[in-house]
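As provided, model36.tsv (TSV, C-alpha atoms) reads as follows.
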```
chain	number	residue	atom	x	y	z
A	1	MET	CA	44.05	181.62	98.53
A	2	SER	CA	45.49	184.88	97.39
A	3	ALA	CA	43.24	187.83	96.85
A	4	ASP	CA	43.36	190.07	93.82
A	5	ALA	CA	44.30	193.72	94.11
A	6	GLY	CA	41.32	195.68	95.30
A	7	SER	CA	39.65	192.67	96.85
A	8	SER	CA	38.50	192.93	100.44
A	9	THR	CA	39.34	189.27	101.05
A	10	PRO	CA	42.31	189.03	103.44
A	11	LEU	CA	45.38	187.22	102.19
A	12	ASP	CA	46.01	183.80	103.62
A	13	ARG	CA	49.25	182.92	105.37
A	14	ALA	CA	50.88	181.33	102.32
A	15	ALA	CA	50.23	184.41	100.25
A	16	ILE	CA	51.63	186.67	102.95
A	17	LEU	CA	54.71	184.45	103.23
A	18	ASN	CA	55.27	184.74	99.50
A	19	ILE	CA	55.01	188.52	99.63
A	20	VAL	CA	57.41	188.78	102.56
A	21	LYS	CA	59.91	186.44	100.88
A	22	GLU	CA	59.68	188.28	97.55
A	23	GLN	CA	60.23	191.68	99.11
A	24	LEU	CA	63.03	190.45	101.36
A	25	ALA	CA	64.73	188.71	98.46
A	26	GLU	CA	64.67	191.90	96.43
A	27	ILE	CA	66.18	193.91	99.27
A	28	LEU	CA	68.90	191.38	100.10
A	29	GLU	CA	69.63	190.42	96.49
A	30	LYS	CA	68.64	186.79	97.06
A	31	THR	CA	66.11	184.55	95.41
A	32	PRO	CA	62.87	183.90	97.32
A	33	SER	CA	63.55	180.16	97.35
A	34	ASP	CA	66.73	180.84	99.36
A	35	ILE	CA	64.64	182.21	102.20
A	36	SER	CA	62.85	180.00	104.69
A	37	GLU	CA	60.26	180.85	107.31
A	38	THR	CA	62.64	180.26	110.17
A	39	ASP	CA	65.51	182.38	108.84
A	40	SER	CA	66.41	185.17	111.20
A	41	PHE	CA	66.82	188.64	109.74
A	42	THR	CA	70.18	189.05	111.42
A	43	GLU	CA	71.59	185.83	109.97
A	44	MET	CA	70.39	186.86	106.54
A	45	GLY	CA	72.35	190.09	106.82
A	46	ALA	CA	69.31	192.34	107.16
A	47	ASP	CA	70.39	195.34	109.21
A	48	SER	CA	68.07	197.96	110.64
A	49	LEU	CA	67.91	199.89	107.37
A	50	ALA	CA	67.13	196.73	105.42
A	51	LEU	CA	64.24	196.08	107.80
A	52	ILE	CA	62.96	199.62	107.26
A	53	GLU	CA	63.17	198.95	103.51
A	54	LEU	CA	61.16	195.77	104.06
A	55	VAL	CA	58.53	197.60	106.10
A	56	GLU	CA	58.13	200.29	103.44
A	57	ALA	CA	57.93	197.68	100.68
A	58	LEU	CA	55.33	195.65	102.59
A	59	GLU	CA	53.25	198.74	103.31
A	60	GLU	CA	53.24	199.66	99.64
A	61	LYS	CA	52.44	196.13	98.50
A	62	LEU	CA	49.77	195.42	101.09
A	63	ALA	CA	48.09	198.79	100.66
A	64	THR	CA	46.62	197.37	97.44
A	65	TYR	CA	44.70	194.90	99.61
A	66	VAL	CA	44.10	197.06	102.68
A	67	PRO	CA	44.28	200.79	101.88
A	68	GLY	CA	46.53	202.62	104.31
A	69	PHE	CA	48.12	199.44	105.60
A	70	HIS	CA	50.70	200.52	108.17
A	71	ILE	CA	53.38	198.80	110.24
A	72	ASP	CA	54.28	200.45	113.53
A	73	ASP	CA	58.00	201.10	113.92
A	74	GLU	CA	57.72	200.18	117.59
A	75	ASP	CA	56.72	196.66	116.59
A	76	LEU	CA	59.82	196.14	114.46
A	77	GLU	CA	62.04	195.10	117.34
A	78	ASN	CA	59.75	192.14	117.99
A	79	LEU	CA	60.22	190.79	114.48
A	80	GLY	CA	63.26	188.52	114.54
A	81	CYS	CA	62.58	186.19	111.64
A	82	VAL	CA	60.45	185.69	108.54
A	83	ASN	CA	57.79	183.82	110.52
A	84	ASP	CA	57.46	186.72	112.94
A	85	ALA	CA	56.88	189.12	110.06
A	86	VAL	CA	54.29	186.86	108.44
A	87	ASP	CA	52.42	186.38	111.72
A	88	TYR	CA	52.50	190.09	112.39
A	89	VAL	CA	51.18	191.01	108.94
A	90	ALA	CA	48.48	188.32	109.15
A	91	ALA	CA	47.30	189.69	112.49
A	92	LYS	CA	47.32	193.24	111.18
A	93	LEU	CA	45.33	192.29	108.10
A	94	GLN	CA	42.88	190.34	110.22
A	95	SER	CA	42.19	193.34	112.42
A	96	ALA	CA	42.02	195.81	109.53
B	1	MET	CA	69.80	222.09	106.52
B	2	GLY	CA	71.51	220.29	109.39
B	3	GLY	CA	74.99	220.53	110.87
B	4	ASP	CA	76.76	222.06	113.85
B	5	PHE	CA	76.91	225.48	112.18
B	6	ALA	CA	73.56	225.38	110.41
B	7	PRO	CA	71.89	227.24	108.99
B	8	SER	CA	74.25	230.22	108.57
B	9	GLU	CA	77.35	228.34	107.34
B	10	ILE	CA	75.29	226.03	105.13
B	11	ILE	CA	73.54	228.92	103.43
B	12	ALA	CA	76.81	230.87	103.12
B	13	GLY	CA	78.48	227.83	101.51
B	14	ALA	CA	75.57	227.40	99.11
B	15	ARG	CA	75.74	231.07	98.16
B	16	ARG	CA	79.46	230.73	97.48
B	17	ALA	CA	78.83	227.67	95.31
B	18	VAL	CA	76.46	229.76	93.22
B	19	ASP	CA	78.72	232.81	93.05
B	20	GLU	CA	82.13	231.14	92.73
B	21	LEU	CA	81.32	227.87	90.97
B	22	GLY	CA	78.26	228.83	88.97
B	23	LEU	CA	76.15	226.01	90.41
B	24	GLU	CA	72.38	226.01	90.87
B	25	VAL	CA	71.50	225.29	94.49
B	26	ILE	CA	68.13	224.70	96.15
B	27	LEU	CA	68.00	225.12	99.92
B	28	VAL	CA	65.64	222.58	101.51
B	29	GLY	CA	64.45	223.49	104.98
B	30	VAL	CA	61.95	225.09	107.28
B	31	PRO	CA	61.84	228.78	106.24
B	32	GLU	CA	61.20	230.02	109.77
B	33	LEU	CA	64.39	228.32	110.98
B	34	MET	CA	66.59	229.25	108.03
B	35	GLY	CA	66.89	232.99	108.38
B	36	ASP	CA	68.02	234.91	105.33
B	37	PRO	CA	68.43	232.52	102.35
B	38	LEU	CA	70.74	235.07	100.69
B	39	GLY	CA	68.64	235.13	97.55
B	40	LEU	CA	68.77	231.37	96.97
B	41	GLU	CA	65.79	229.25	95.92
B	42	VAL	CA	64.09	227.63	98.90
B	43	PHE	CA	62.11	224.40	98.89
B	44	ALA	CA	60.02	224.73	102.02
B	45	CYS	CA	59.25	221.87	104.36
B	46	THR	CA	57.85	221.72	107.87
B	47	GLU	CA	59.94	219.18	109.77
B	48	VAL	CA	63.51	218.70	110.91
B	49	ILE	CA	65.34	215.46	111.68
B	50	ALA	CA	67.54	216.24	114.65
B	51	MET	CA	71.13	215.07	114.96
B	52	ASP	CA	70.15	212.59	117.68
B	53	ASP	CA	66.96	211.27	116.05
B	54	GLU	CA	66.89	207.55	115.28
B	55	PRO	CA	67.73	207.34	111.54
B	56	GLY	CA	65.26	204.87	110.03
B	57	GLY	CA	62.33	205.71	112.27
B	58	SER	CA	62.72	209.45	111.84
B	59	VAL	CA	62.73	209.17	108.05
B	60	ARG	CA	59.47	207.21	108.22
B	61	LYS	CA	57.84	209.54	110.73
B	62	LYS	CA	59.06	212.90	109.42
B	63	LYS	CA	58.03	212.67	105.81
B	64	ASP	CA	58.09	216.44	105.38
B	65	SER	CA	61.61	216.86	106.75
B	66	SER	CA	64.37	218.55	104.78
B	67	LEU	CA	66.34	215.30	104.43
B	68	VAL	CA	63.41	213.33	103.06
B	69	ARG	CA	62.34	216.15	100.74
B	70	ALA	CA	65.89	216.64	99.44
B	71	ALA	CA	66.15	212.94	98.59
B	72	GLU	CA	62.78	213.13	96.85
B	73	LEU	CA	63.96	216.07	94.74
B	74	VAL	CA	66.80	213.85	93.47
B	75	ARG	CA	64.48	210.87	92.99
B	76	ASP	CA	62.05	213.01	91.00
B	77	GLY	CA	64.78	214.47	88.81
B	78	LYS	CA	64.34	217.99	90.17
B	79	ALA	CA	67.86	218.01	91.61
B	80	SER	CA	71.03	216.25	90.46
B	81	ALA	CA	72.32	215.52	93.95
B	82	MET	CA	71.72	216.11	97.64
B	83	VAL	CA	74.24	217.37	100.18
B	84	SER	CA	73.71	217.25	103.94
B	85	ALA	CA	75.78	217.96	107.03
B	86	GLY	CA	72.97	216.73	109.25
B	87	ASN	CA	72.26	213.39	110.92
B	88	THR	CA	74.47	210.93	108.97
B	89	GLY	CA	72.32	207.87	109.58
B	90	ALA	CA	69.14	209.70	108.62
B	91	THR	CA	70.81	211.14	105.52
B	92	MET	CA	71.73	207.64	104.46
B	93	ALA	CA	68.28	206.28	105.32
B	94	SER	CA	66.42	209.01	103.45
B	95	ALA	CA	68.65	208.62	100.38
B	96	LEU	CA	68.29	204.84	100.45
B	97	LEU	CA	64.54	204.80	101.01
B	98	ARG	CA	63.67	207.57	98.58
B	99	MET	CA	66.24	207.12	95.76
B	100	GLY	CA	66.54	203.32	96.06
B	101	ARG	CA	69.50	201.02	95.46
B	102	LEU	CA	71.07	200.35	92.11
B	103	PRO	CA	70.05	196.92	90.81
B	104	GLY	CA	72.33	194.26	92.27
B	105	VAL	CA	73.66	196.40	95.10
B	106	VAL	CA	73.18	194.58	98.39
B	107	ARG	CA	74.00	197.52	100.67
B	108	PRO	CA	75.17	201.04	99.82
B	109	CYS	CA	78.48	202.09	101.35
B	110	ILE	CA	80.16	205.33	102.35
B	111	ALA	CA	83.22	206.31	100.32
B	112	THR	CA	85.43	208.84	102.07
B	113	PRO	CA	88.34	210.44	100.23
B	114	ILE	CA	91.45	210.52	102.41
B	115	PRO	CA	93.89	213.25	101.34
B	116	ASN	CA	97.01	211.90	99.72
B	117	PRO	CA	99.45	214.81	99.48
B	118	GLY	CA	100.65	215.25	95.93
B	119	GLY	CA	98.20	212.80	94.42
B	120	SER	CA	94.56	211.74	94.14
B	121	PRO	CA	92.86	210.97	97.44
B	122	CYS	CA	92.71	207.38	98.65
B	123	ILE	CA	89.07	206.24	98.80
B	124	LEU	CA	88.10	204.46	102.01
B	125	VAL	CA	85.05	202.17	101.61
B	126	ASP	CA	83.07	201.52	103.77
B	127	ALA	CA	83.63	204.44	106.12
B	128	GLY	CA	80.69	203.71	108.36
B	129	ALA	CA	77.46	202.61	106.69
B	130	ASN	CA	77.57	198.87	107.43
B	131	SER	CA	78.96	197.66	110.74
B	132	GLU	CA	78.50	194.00	109.94
B	133	CYS	CA	79.51	192.77	106.51
B	134	THR	CA	79.87	189.57	104.55
B	135	PRO	CA	82.82	188.89	102.20
B	136	GLU	CA	80.46	189.36	99.25
B	137	MET	CA	79.50	192.81	100.52
B	138	LEU	CA	83.17	193.81	100.82
B	139	VAL	CA	83.82	192.62	97.28
B	140	GLN	CA	80.98	194.80	96.05
B	141	PHE	CA	82.27	197.78	98.05
B	142	ALA	CA	85.68	197.23	96.45
B	143	GLN	CA	84.15	197.15	92.98
B	144	MET	CA	82.13	200.29	93.61
B	145	GLY	CA	85.14	202.04	95.17
B	146	SER	CA	87.24	201.17	92.15
B	147	ALA	CA	84.59	202.37	89.70
B	148	PHE	CA	84.22	205.56	91.72
B	149	ALA	CA	87.98	206.27	91.73
B	150	LYS	CA	88.05	205.71	87.99
B	151	ALA	CA	85.08	207.96	87.25
B	152	ARG	CA	85.85	210.68	89.77
B	153	TYR	CA	89.63	210.92	89.53
B	154	GLY	CA	90.31	209.45	86.10
B	155	ILE	CA	92.47	206.63	87.41
B	156	GLU	CA	92.54	204.06	84.63
B	157	SER	CA	92.98	200.95	86.77
B	158	PRO	CA	92.63	201.86	90.45
B	159	LYS	CA	94.70	199.79	92.86
B	160	VAL	CA	92.50	198.34	95.59
B	161	GLY	CA	93.86	197.30	98.98
B	162	LEU	CA	92.12	195.30	101.70
B	163	LEU	CA	92.57	196.69	105.22
B	164	SER	CA	94.07	194.11	107.54
B	165	ILE	CA	96.67	193.67	110.25
B	166	GLY	CA	99.45	192.48	107.97
B	167	GLU	CA	100.36	192.31	104.32
B	168	GLU	CA	100.23	188.53	104.11
B	169	SER	CA	96.99	186.99	102.85
B	170	THR	CA	96.91	184.74	105.91
B	171	LYS	CA	96.57	187.72	108.26
B	172	GLY	CA	93.27	189.04	109.55
B	173	THR	CA	89.82	187.93	110.63
B	174	PRO	CA	87.90	185.21	108.79
B	175	LEU	CA	86.02	188.02	107.01
B	176	VAL	CA	89.26	189.58	105.78
B	177	LYS	CA	90.80	186.28	104.70
B	178	GLU	CA	87.71	185.17	102.81
B	179	THR	CA	87.39	188.59	101.16
B	180	HIS	CA	91.05	188.41	100.16
B	181	GLU	CA	90.41	185.13	98.35
B	182	LEU	CA	87.40	186.54	96.51
B	183	LEU	CA	89.15	189.76	95.48
B	184	ALA	CA	92.24	187.90	94.30
B	185	ALA	CA	90.01	185.73	92.09
B	186	LEU	CA	88.36	188.67	90.33
B	187	SER	CA	89.33	189.19	86.73
B	188	ASP	CA	89.91	192.63	85.24
B	189	PHE	CA	90.37	194.03	88.75
B	190	ASN	CA	93.55	195.58	90.17
B	191	PHE	CA	93.75	193.96	93.62
B	192	PHE	CA	96.87	195.12	95.42
B	193	GLY	CA	96.53	192.78	98.42
B	194	ASN	CA	96.35	193.63	102.09
B	195	VAL	CA	97.25	197.06	103.41
B	196	GLU	CA	97.60	198.20	107.01
B	197	GLY	CA	96.28	201.20	108.91
B	198	ARG	CA	99.55	203.02	108.38
B	199	ASP	CA	98.98	202.78	104.62
B	200	LEU	CA	95.98	205.10	104.64
B	201	ILE	CA	98.07	208.25	104.41
B	202	PRO	CA	100.14	208.41	102.31
B	203	SER	CA	98.64	205.43	100.56
B	204	PRO	CA	100.15	202.99	98.08
B	205	VAL	CA	96.65	202.26	96.75
B	206	ASP	CA	93.74	204.24	95.31
B	207	VAL	CA	91.01	202.43	97.24
B	208	VAL	CA	91.04	200.77	100.68
B	209	VAL	CA	88.16	198.43	101.41
B	210	THR	CA	86.97	197.37	104.83
B	211	ASP	CA	83.77	196.91	106.83
B	212	GLY	CA	81.96	200.03	108.03
B	213	PHE	CA	82.85	199.57	111.68
B	214	THR	CA	86.60	199.24	111.08
B	215	GLY	CA	86.52	201.94	108.42
B	216	ASN	CA	84.85	204.44	110.70
B	217	VAL	CA	87.27	203.71	113.56
B	218	ALA	CA	90.24	204.08	111.17
B	219	LEU	CA	88.89	207.34	109.77
B	220	LYS	CA	88.19	208.92	113.16
B	221	THR	CA	91.58	207.78	114.46
B	222	LEU	CA	93.25	209.45	111.51
B	223	GLU	CA	91.24	212.66	111.98
B	224	GLY	CA	92.06	212.77	115.67
B	225	ALA	CA	95.77	212.15	115.10
B	226	LEU	CA	96.02	214.82	112.40
B	227	LYS	CA	94.18	217.33	114.57
B	228	TYR	CA	96.53	216.59	117.48
B	229	ILE	CA	99.65	216.93	115.32
B	230	PHE	CA	98.52	220.27	113.87
B	231	GLY	CA	97.80	221.55	117.38
B	232	ALA	CA	101.10	220.26	118.73
B	233	VAL	CA	103.12	221.91	115.94
B	234	LEU	CA	101.33	225.22	116.49
B	235	GLY	CA	101.94	224.89	120.23
B	236	VAL	CA	105.67	224.40	119.71
B	237	ILE	CA	105.88	227.34	117.32
B	238	ASN	CA	104.23	229.58	119.91
B	239	THR	CA	106.68	228.59	122.68
B	240	ASN	CA	109.08	231.54	122.56
B	241	ASP	CA	110.53	234.20	120.29
B	242	ALA	CA	113.02	231.83	118.69
B	243	THR	CA	110.39	229.24	117.80
B	244	LYS	CA	108.05	231.97	116.57
B	245	ALA	CA	110.81	233.22	114.29
B	246	ALA	CA	111.30	229.66	113.04
B	247	GLY	CA	107.55	229.43	112.55
B	248	ASP	CA	107.59	232.52	110.36
B	249	VAL	CA	109.98	230.69	108.06
B	250	LEU	CA	108.20	227.35	108.20
B	251	PHE	CA	104.61	228.56	107.91
B	252	GLU	CA	104.64	229.12	104.17
B	253	HIS	CA	105.86	225.54	103.71
B	254	LEU	CA	103.50	224.01	106.28
B	255	LEU	CA	100.30	225.77	105.25
B	256	PRO	CA	99.95	224.03	101.86
B	257	ILE	CA	100.31	220.66	103.58
B	258	ALA	CA	97.71	221.63	106.17
B	259	GLY	CA	95.49	222.87	103.34
B	260	GLU	CA	95.70	219.53	101.56
B	261	LEU	CA	94.92	217.57	104.70
B	262	THR	CA	91.94	219.57	105.91
B	263	PRO	CA	88.63	217.71	105.55
B	264	ASP	CA	87.02	220.96	104.34
B	265	LYS	CA	88.78	220.58	100.99
B	266	GLN	CA	87.28	217.14	100.30
B	267	GLY	CA	83.74	218.33	100.95
B	268	GLY	CA	82.37	215.12	102.33
B	269	ALA	CA	81.79	211.43	101.84
B	270	MET	CA	79.83	209.87	99.01
B	271	LEU	CA	77.12	207.29	99.37
B	272	LEU	CA	77.77	204.67	96.69
B	273	GLY	CA	75.22	202.23	95.31
B	274	LEU	CA	72.12	204.41	95.06
B	275	GLU	CA	70.00	205.63	92.17
B	276	GLY	CA	71.23	209.15	92.82
B	277	ILE	CA	74.02	211.22	94.30
B	278	CYS	CA	74.19	211.87	98.02
B	279	ILE	CA	77.07	213.67	99.72
B	280	ILE	CA	77.39	213.35	103.48
B	281	SER	CA	79.31	216.32	104.81
B	282	HIS	CA	81.00	216.49	108.18
B	283	GLY	CA	78.72	217.70	110.97
B	284	SER	CA	81.17	220.52	111.67
B	285	SER	CA	81.17	221.72	108.05
B	286	ASN	CA	81.77	225.41	107.53
B	287	ALA	CA	80.86	227.41	104.42
B	288	THR	CA	84.01	226.30	102.58
B	289	ALA	CA	83.29	222.62	103.25
B	290	ILE	CA	79.69	223.01	102.04
B	291	MET	CA	80.81	224.80	98.90
B	292	ASN	CA	83.29	222.00	98.20
B	293	ALA	CA	80.64	219.36	98.91
B	294	LEU	CA	78.39	221.01	96.34
B	295	ARG	CA	81.31	221.13	93.90
B	296	VAL	CA	81.96	217.41	94.43
B	297	ALA	CA	78.26	216.65	93.94
B	298	SER	CA	78.25	218.57	90.68
B	299	GLU	CA	81.43	216.88	89.47
B	300	MET	CA	80.01	213.45	90.31
B	301	ASP	CA	76.92	214.27	88.32
B	302	LYS	CA	78.94	215.46	85.32
B	303	ALA	CA	81.17	212.38	85.51
B	304	GLY	CA	78.12	210.10	85.37
B	305	VAL	CA	79.24	208.26	88.48
B	306	VAL	CA	75.85	206.65	89.14
B	307	GLU	CA	75.64	205.17	85.65
B	308	LYS	CA	79.22	203.91	85.87
B	309	LEU	CA	78.47	202.22	89.18
B	310	ARG	CA	75.36	200.67	87.62
B	311	LEU	CA	77.44	199.14	84.84
B	312	THR	CA	80.05	197.93	87.32
B	313	ILE	CA	77.52	196.00	89.35
B	314	ARG	CA	75.39	194.84	86.40
B	315	PRO	CA	77.55	194.99	83.23
B	316	ASP	CA	74.64	193.53	81.22
B	317	GLN	CA	72.63	196.74	81.71
B	318	GLY	CA	74.87	198.75	79.42
```

As structure tokens - that is how I would like this structure written.
Amino acid sequence: MSADAGSSTPLDRAAILNIVKEQLAEILEKTPSDISETDSFTEMGADSLALIELVEALEEKLATYVPGFHIDDEDLENLGCVNDAVDYVAAKLQSA
Amino acid sequence: MGGDFAPSEIIAGARRAVDELGLEVILVGVPELMGDPLGLEVFACTEVIAMDDEPGGSVRKKKDSSLVRAAELVRDGKASAMVSAGNTGATMASALLRMGRLPGVVRPCIATPIPNPGGSPCILVDAGANSECTPEMLVQFAQMGSAFAKARYGIESPKVGLLSIGEESTKGTPLVKETHELLAALSDFNFFGNVEGRDLIPSPVDVVVTDGFTGNVALKTLEGALKYIFGAVLGVINTNDATKAAGDVLFEHLLPIAGELTPDKQGGAMLLGLEGICIISHGSSNATAIMNALRVASEMDKAGVVEKLRLTIRPDQG
């Protein structure tokens, strides 16, 4: 179930995964299908600046669902792979 | 408005760029910290990213800092380029996050011109932006470095060398050997082969490609060695009356060489691969270095370097 822009319905996990993969693929010049949930950011070649790019892109994208959606920089170091990011975003959206 | 001698030397360099080069310069900074802007236009902001601030985090937290605002001026078309002698990592982060990457560019890289007495500088890419690289990233750095040398210095077919520990293609780390294979397979690309650290100055090539960690170590080693040699020569000349007399004779011949090798003349390093021009000046930049950095920024804009890099990475966008 993926919500439309402006909807108050939270995104489900599959939709969040798609968004994370799409944004990551754009940043790393890959195709989303090349990225799996268990891929680590380091192994994909995502350095600290790439992760900041990802955070900014996710904040912009997800703000259409939850206005003011924000990712804390302090939480970044706990995100090692795609799954971590998806779980983190899902939890944030849930509590929003 | 960062740098070891900011704000006075930065403002003085900007003023000279206006007076001597006829450029338009906007100072971006906190007015209360800037002092006298010497009649230059000021874009006021309220925050400063310090030299020791964490790059990515500080750009996100300090949205009204001079670095972020300067990058936004370029993004919004209100400035043609940004120049900073402040926190290098934060300069790169603000330029990357606000201007964005050119389509197809995986990671931007730092291109540093290394003086090549009597000729065009040798461009070292990457001089410190990306510590860990893949062979594909190095190939893209090489392509951007080549396009930059062509656009900036008018070199028709820049010779590109790969930094290694021997000339033979079998020498080097797995990264170097795999990159060598990929570069050698490129068509319409002047790959010279491997070069060594001793080939940086004078250089047989126009561009030297390496990963950011190695490039930064090589650059700083070169800077340190040159600084030591200049000091040692001056020390010898000042030894006694006889050497001072010899120095009087030699000085007029040595000064032009020293002038060519000083980093102040080059103005700074260029960030390649972004949707805008960003010059990263040395932290110890004086007014002359800042003026030259502004000159380089203006020349890059006039040469259409960004568009030429765009076409290099994505030829179909022409």

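Taking all atoms listed in the file into account, chain A lies nearest to B:Leu97 out of the set B:Ile229, B:Leu27, B:Leu97, B:Leu272.
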
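As for CA of Val305 in chain B and CA of Leu102 in chain B, they are spaced 11.9 Å apart.
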
Closest contacts (chain B/chain A, max 10 Å, all atoms listed in the file) as JSON lines:
```
{"residue": "B:Pro55", "atom": "CA", "partner": "A:Leu49", "partner_atom": "CA", "distance": 8.5}
{"residue": "B:Gly56", "atom": "CA", "partner": "A:Leu49", "partner_atom": "CA", "distance": 6.2}
{"residue": "B:Gly57", "atom": "CA", "partner": "A:Asp73", "partner_atom": "CA", "distance": 6.5}
{"residue": "B:Ser58", "atom": "CA", "partner": "A:Asp73", "partner_atom": "CA", "distance": 9.8}
{"residue": "B:Val59", "atom": "CA", "partner": "A:Ile52", "partner_atom": "CA", "distance": 9.6}
{"residue": "B:Arg60", "atom": "CA", "partner": "A:Ile52", "partner_atom": "CA", "distance": 8.4}
{"residue": "B:Lys61", "atom": "CA", "partner": "A:Asp73", "partner_atom": "CA", "distance": 9.0}
{"residue": "B:Gly89", "atom": "CA", "partner": "A:Leu49", "partner_atom": "CA", "distance": 9.4}
{"residue": "B:Ala90", "atom": "CA", "partner": "A:Leu49", "partner_atom": "CA", "distance": 10.0}
{"residue": "B:Met92", "atom": "CA", "partner": "A:Leu49", "partner_atom": "CA", "distance": 9.1}
{"residue": "B:Ala93", "atom": "CA", "partner": "A:Leu49", "partner_atom": "CA", "distance": 6.7}
{"residue": "B:Leu96", "atom": "CA", "partner": "A:Glu53", "partner_atom": "CA", "distance": 8.4}
{"residue": "B:Leu97", "atom": "CA", "partner": "A:Glu53", "partner_atom": "CA", "distance": 6.5}
{"residue": "B:Arg98", "atom": "CA", "partner": "A:Glu53", "partner_atom": "CA", "distance": 9.9}
{"residue": "B:Gly100", "atom": "CA", "partner": "A:Glu53", "partner_atom": "CA", "distance": 9.3}
{"residue": "B:Arg101", "atom": "CA", "partner": "A:Ile27", "partner_atom": "CA", "distance": 8.7}
{"residue": "B:Pro103", "atom": "CA", "partner": "A:Glu29", "partner_atom": "CA", "distance": 8.6}
{"residue": "B:Gly104", "atom": "CA", "partner": "A:Glu29", "partner_atom": "CA", "distance": 6.3}
{"residue": "B:Val105", "atom": "CA", "partner": "A:Glu29", "partner_atom": "CA", "distance": 7.3}
{"residue": "B:Val106", "atom": "CA", "partner": "A:Leu28", "partner_atom": "CA", "distance": 5.6}
{"residue": "B:Arg107", "atom": "CA", "partner": "A:Leu28", "partner_atom": "CA", "distance": 8.0}
{"residue": "B:Ala129", "atom": "CA", "partner": "A:Leu49", "partner_atom": "CA", "distance": 10.0}
{"residue": "B:Asn130", "atom": "CA", "partner": "A:Asp47", "partner_atom": "CA", "distance": 8.2}
{"residue": "B:Ser131", "atom": "CA", "partner": "A:Asp47", "partner_atom": "CA", "distance": 9.0}
{"residue": "B:Glu132", "atom": "CA", "partner": "A:Gly45", "partner_atom": "CA", "distance": 7.9}
{"residue": "B:Cys133", "atom": "CA", "partner": "A:Gly45", "partner_atom": "CA", "distance": 7.7}
{"residue": "B:Thr134", "atom": "CA", "partner": "A:Gly45", "partner_atom": "CA", "distance": 7.9}
{"residue": "B:Met137", "atom": "CA", "partner": "A:Gly45", "partner_atom": "CA", "distance": 9.9}
```

Report summary line: Students should find that CA of Gly212 in chain B and CA of Ala127 in chain B are spaced 5.1 Å

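Closest approach to Asn292 in chain B from the set B:Gly172, B:Pro135, B:Pro37, B:Gly268 is made by B:Gly268, with distances taken over all atoms listed in the file.
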
Requested in this report: Check the smallest atom-to-atom distance from each of B:Leu200, B:Ala17, B:Ile257, B:Leu309 to Ser164 in chain B using only C-alpha atoms, then report the winner.
Outcome: B:Leu200

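The residue that comes closest to Leu62 in chain A, out of A:Leu24, A:Val86, A:Leu17, A:Leu93 and on the basis of only C-alpha atoms, is A:Leu93.
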
Report summary line: Taken to one decimal, the CA of Cys278 in chain B-CA of Pro315 in chain B distance is 22.7 Å

Please output range 259-270 of chain B, rebuilt to include N, CA and C atoms, as a PDB file, in the coordinates of the input.
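In the end it all went to out_27.pdb:
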```pdb
ATOM      1  N   GLY B 259      96.612 222.632 104.251  1.00  0.00           N
ATOM      2  CA  GLY B 259      95.490 222.870 103.340  1.00  0.00           C
ATOM      3  C   GLY B 259      95.057 221.602 102.630  1.00  0.00           C
ATOM      4  N   GLU B 260      96.033 220.778 102.262  1.00  0.00           N
ATOM      5  CA  GLU B 260      95.700 219.530 101.560  1.00  0.00           C
ATOM      6  C   GLU B 260      95.043 218.518 102.485  1.00  0.00           C
ATOM      7  N   LEU B 261      95.423 218.584 103.773  1.00  0.00           N
ATOM      8  CA  LEU B 261      94.920 217.570 104.700  1.00  0.00           C
ATOM      9  C   LEU B 261      93.602 217.942 105.365  1.00  0.00           C
ATOM     10  N   THR B 262      93.189 219.188 105.238  1.00  0.00           N
ATOM     11  CA  THR B 262      91.940 219.570 105.910  1.00  0.00           C
ATOM     12  C   THR B 262      90.732 218.896 105.264  1.00  0.00           C
ATOM     13  N   PRO B 263      89.826 218.370 106.092  1.00  0.00           N
ATOM     14  CA  PRO B 263      88.630 217.710 105.550  1.00  0.00           C
ATOM     15  C   PRO B 263      87.762 218.671 104.757  1.00  0.00           C
ATOM     16  N   ASP B 264      87.866 219.984 105.046  1.00  0.00           N
ATOM     17  CA  ASP B 264      87.020 220.960 104.340  1.00  0.00           C
ATOM     18  C   ASP B 264      87.226 220.892 102.832  1.00  0.00           C
ATOM     19  N   LYS B 265      88.463 220.571 102.420  1.00  0.00           N
ATOM     20  CA  LYS B 265      88.780 220.580 100.990  1.00  0.00           C
ATOM     21  C   LYS B 265      88.053 219.435 100.260  1.00  0.00           C
ATOM     22  N   GLN B 266      87.895 218.305 100.954  1.00  0.00           N
ATOM     23  CA  GLN B 266      87.280 217.140 100.300  1.00  0.00           C
ATOM     24  C   GLN B 266      85.771 217.271 100.176  1.00  0.00           C
ATOM     25  N   GLY B 267      85.173 218.056 101.064  1.00  0.00           N
ATOM     26  CA  GLY B 267      83.740 218.330 100.950  1.00  0.00           C
ATOM     27  C   GLY B 267      82.833 217.319 101.619  1.00  0.00           C
ATOM     28  N   GLY B 268      83.226 216.091 101.671  1.00  0.00           N
ATOM     29  CA  GLY B 268      82.370 215.120 102.330  1.00  0.00           C
ATOM     30  C   GLY B 268      82.530 213.727 101.749  1.00  0.00           C
ATOM     31  N   ALA B 269      81.744 212.827 102.294  1.00  0.00           N
ATOM     32  CA  ALA B 269      81.790 211.430 101.840  1.00  0.00           C
ATOM     33  C   ALA B 269      80.644 211.176 100.868  1.00  0.00           C
ATOM     34  N   MET B 270      80.853 210.203  99.997  1.00  0.00           N
ATOM     35  CA  MET B 270      79.830 209.870  99.010  1.00  0.00           C
ATOM     36  C   MET B 270      79.151 208.555  99.368  1.00  0.00           C
TER      37      MET B 270
END
```
